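Engineer: Before I ask anything, here is the structure I am working with.
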Amino acid sequence: LAKTTQPISMDSYEGQEVNITCSHNNIATNDYITWYQQFPSQGPRFIIQGYKTKVTNEVASLFIPADRKSSTLSLPRVSLSDTAVYYCLVVRSSASKIIFGSGTRLSIRP
Amino acid sequence: NAGVTQTPKFQVLKTGQSMTLQCAQDMNHEYMSWYRQDPGMGLRLIHYSVGAGITDQGEVPNGYNVSRSTTEDFPLRLLSAAPSQTSVYFCASSPTGGRTEAFFGQGTRLTVV
């Protein structure tokens with residue numbers, strides 16, 4: 001599975017749009033990009049998944065360029081409750097293990 | 001709708017003791033896995049299972065055993081606890097692993113003294 005690289009931490013303010021970029025240079029043809037969110041003292045929670053171009057749901061958008069070597073998670077108009085660790089994962093379409101990296105610790109200030 | 005249930009929520013062990021962390025899911029998921037999370041770190045995969053009777057090692061399997069006799073249950077056994085195993089343990093399940101959404105339990109906070 002492709003290794004992912006993302007910022008260790010980011011800070012932002014309430015009401016701002018936050019973009020977290022993840023690098024996955026060795027992504028394979030049958031790999032998908034998945035993002036999870038983890039609040040303190042809780043297990044991770046699935047946010048969004050994509051293969052290419054753009055995916056949007058009620059929580060976030062995921063932008064994937066044509067070469068798929070990176071992806072950007074976009075959180076619109078963040079609030080204090082978006083303070084969490086965000087993990088970018090590359091997962092294979094077939095049944096396989098799910099590996100987490102170190103994640104990005106996002107802090108939102110008033 | 002319970003989802004993934006882990007027991008106990010907290011546990012203190014003495015060095016050398018053994019114990020089993022329990023994990024049960026009621027979603028009929030084939031794939032289950034165990035992770036550990038040390039303070040300020042990401043999750044590391046210990047063992048996983050792609051179905052009843054099938055288990056495999058993850059990134060950090062040493063010191064842990066698993067078995068999968070039913071679809072619902074995936075217990076994690078610590079054979080001889082060591083202080084280095086002090087961590088928060090998360091169990092997860094998903095329909096097939098891979099690209100399917102994983103659901104996590106609330107975690108077991110284990111301290112080995």
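Letters A, B, ... go to the chains of the structure tokens in the order shown; residues in each chain start at 1; ligands are counted from 1 in the same order.
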I need the contact residues of chain B against chain A, so if you could list those with any atom within 6 Å, counting only C-alpha atoms, and return them as a ChimeraX atom specification, that would help.
Structural biologist: /B:42-43,96-99,104,106
Engineer: Write the residues of the selection above to a file with N, CA, C and O atoms, as a PDB file, in the first residue's frame.
Structural biologist:
ATOM      1  N   GLY B  42      -0.526   7.944  15.949  1.00  0.00           N
ATOM      2  CA  GLY B  42      -1.572   7.376  15.120  1.00  0.00           C
ATOM      3  C   GLY B  42      -1.877   5.943  15.523  1.00  0.00           C
ATOM      4  O   GLY B  42      -1.294   5.406  16.468  1.00  0.00           O
ATOM      5  N   LEU B  43      -2.793   5.326  14.819  1.00  0.00           N
ATOM      6  CA  LEU B  43      -3.177   3.942  15.106  1.00  0.00           C
ATOM      7  C   LEU B  43      -2.249   2.981  14.382  1.00  0.00           C
ATOM      8  O   LEU B  43      -1.910   3.192  13.221  1.00  0.00           O
ATOM      9  N   THR B  96     -15.941  -5.608   4.207  1.00  0.00           N
ATOM     10  CA  THR B  96     -14.949  -6.475   3.572  1.00  0.00           C
ATOM     11  C   THR B  96     -13.515  -5.971   3.731  1.00  0.00           C
ATOM     12  O   THR B  96     -12.612  -6.506   3.124  1.00  0.00           O
ATOM     13  N   GLY B  97     -13.300  -4.965   4.570  1.00  0.00           N
ATOM     14  CA  GLY B  97     -11.963  -4.386   4.610  1.00  0.00           C
ATOM     15  C   GLY B  97     -11.752  -3.543   3.371  1.00  0.00           C
ATOM     16  O   GLY B  97     -12.703  -3.144   2.699  1.00  0.00           O
ATOM     17  N   GLY B  98     -10.479  -3.237   3.079  1.00  0.00           N
ATOM     18  CA  GLY B  98     -10.186  -2.470   1.884  1.00  0.00           C
ATOM     19  C   GLY B  98     -10.909  -1.140   1.866  1.00  0.00           C
ATOM     20  O   GLY B  98     -10.822  -0.345   2.797  1.00  0.00           O
ATOM     21  N   ARG B  99     -11.681  -0.889   0.832  1.00  0.00           N
ATOM     22  CA  ARG B  99     -12.284   0.416   0.653  1.00  0.00           C
ATOM     23  C   ARG B  99     -13.614   0.591   1.365  1.00  0.00           C
ATOM     24  O   ARG B  99     -14.216   1.657   1.296  1.00  0.00           O
ATOM     25  N   PHE B 104     -15.530   1.838  14.322  1.00  0.00           N
ATOM     26  CA  PHE B 104     -14.654   1.599  15.464  1.00  0.00           C
ATOM     27  C   PHE B 104     -15.434   1.540  16.766  1.00  0.00           C
ATOM     28  O   PHE B 104     -16.460   2.211  16.930  1.00  0.00           O
ATOM     29  N   GLN B 106     -15.305   2.065  21.067  1.00  0.00           N
ATOM     30  CA  GLN B 106     -14.931   3.218  21.885  1.00  0.00           C
ATOM     31  C   GLN B 106     -13.554   3.072  22.525  1.00  0.00           C
ATOM     32  O   GLN B 106     -13.052   4.016  23.128  1.00  0.00           O
TER      33      GLN B 106
END
Engineer: I need the strand (DSSP E or B) residues of stretch 34-105 of chain B per DSSP on the backbone, written as a PyMOL selection string.
Structural biologist: chain B and resi 34-37+43-51+54-57+64-66+73+76-78+87-94+103-104
Engineer: Kindly save the residues from that selection, with C-alpha atoms included, as a short mmCIF file (atom, residue, chain, number, x, y, z; two decimals), in the first residue's frame.
Structural biologist:
data_model
loop_
_atom_site.label_atom_id
_atom_site.label_comp_id
_atom_site.auth_asym_id
_atom_site.auth_seq_id
_atom_site.Cartn_x
_atom_site.Cartn_y
_atom_site.Cartn_z
CA TRP B 34 -7.34 -4.49 16.28
CA TYR B 35 -5.26 -1.32 16.60
CA ARG B 36 -3.25 0.23 19.37
CA GLN B 37 -2.80 3.96 19.83
CA LEU B 43 -3.18 3.94 15.11
CA ARG B 44 -1.04 0.88 14.45
CA LEU B 45 -2.57 -2.36 13.20
CA ILE B 46 -1.98 -5.37 15.47
CA HIS B 47 -3.98 -8.20 13.86
CA TYR B 48 -6.86 -8.45 11.46
CA SER B 49 -9.32 -11.01 10.17
CA VAL B 50 -11.07 -11.23 6.81
CA GLY B 51 -13.61 -13.77 8.05
CA ILE B 54 -8.96 -16.46 9.13
CA THR B 55 -6.54 -14.11 10.87
CA ASP B 56 -3.33 -12.36 9.87
CA GLN B 57 -0.67 -10.17 11.39
CA TYR B 64 -0.67 -10.49 21.04
CA ASN B 65 -2.81 -13.40 19.88
CA VAL B 66 -6.16 -13.42 18.13
CA ASP B 73 -16.41 -11.78 17.92
CA LEU B 76 -7.37 -9.93 21.50
CA ARG B 77 -5.20 -11.80 23.98
CA LEU B 78 -2.19 -10.35 25.75
CA SER B 87 -1.96 1.96 25.22
CA VAL B 88 -5.50 2.51 24.03
CA TYR B 89 -6.78 -0.42 21.99
CA PHE B 90 -9.40 0.00 19.29
CA CYS B 91 -11.36 -2.71 17.54
CA ALA B 92 -12.90 -2.04 14.13
CA SER B 93 -15.14 -3.85 11.69
CA SER B 94 -16.11 -3.29 8.07
CA PHE B 103 -16.60 1.29 12.23
CA PHE B 104 -14.65 1.60 15.46
#
Engineer: Could you jot down the atom CA of B:Gly107 to atom CA of B:Met41 separation for me, Å, one decimal place?
Structural biologist: 14.8 Å
Engineer: Compare A:Val78, A:Ala2, A:Leu106, A:Cys88 by their minimum atom-to-atom distance to A:Glu14, counting only C-alpha atoms, and give me the closest one.
Structural biologist: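 Among A:Val78, A:Ala2, A:Leu106, A:Cys88, it is A:Val78 that comes nearest to A:Glu14.
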Engineer: Could you tell me how far atom CA of B:Phe74 lies from atom CA of B:Ala102, in Å and to one decimal?
Structural biologist: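 Atom-to-atom, atom CA of B:Phe74 to atom CA of B:Ala102, that is 14.8 Å.
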Engineer: So that I can check the surroundings of stretch 53-69 of chain A, please list as a ChimeraX atom specification every protein, DNA and RNA residue that reaches within 9 Å of it, counting only C-alpha atoms and ignoring chain neighbours fewer than 6 positions away.
Structural biologist: /A:22-27,33,35,47,75-76
Engineer: Using only C-alpha atoms, find the one residue out of A:Thr21, A:Gln16, A:Thr29, A:Ser9 that sits nearest to A:Ser79.
Structural biologist: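 Smallest separation from A:Ser79 among the options: A:Gln16.
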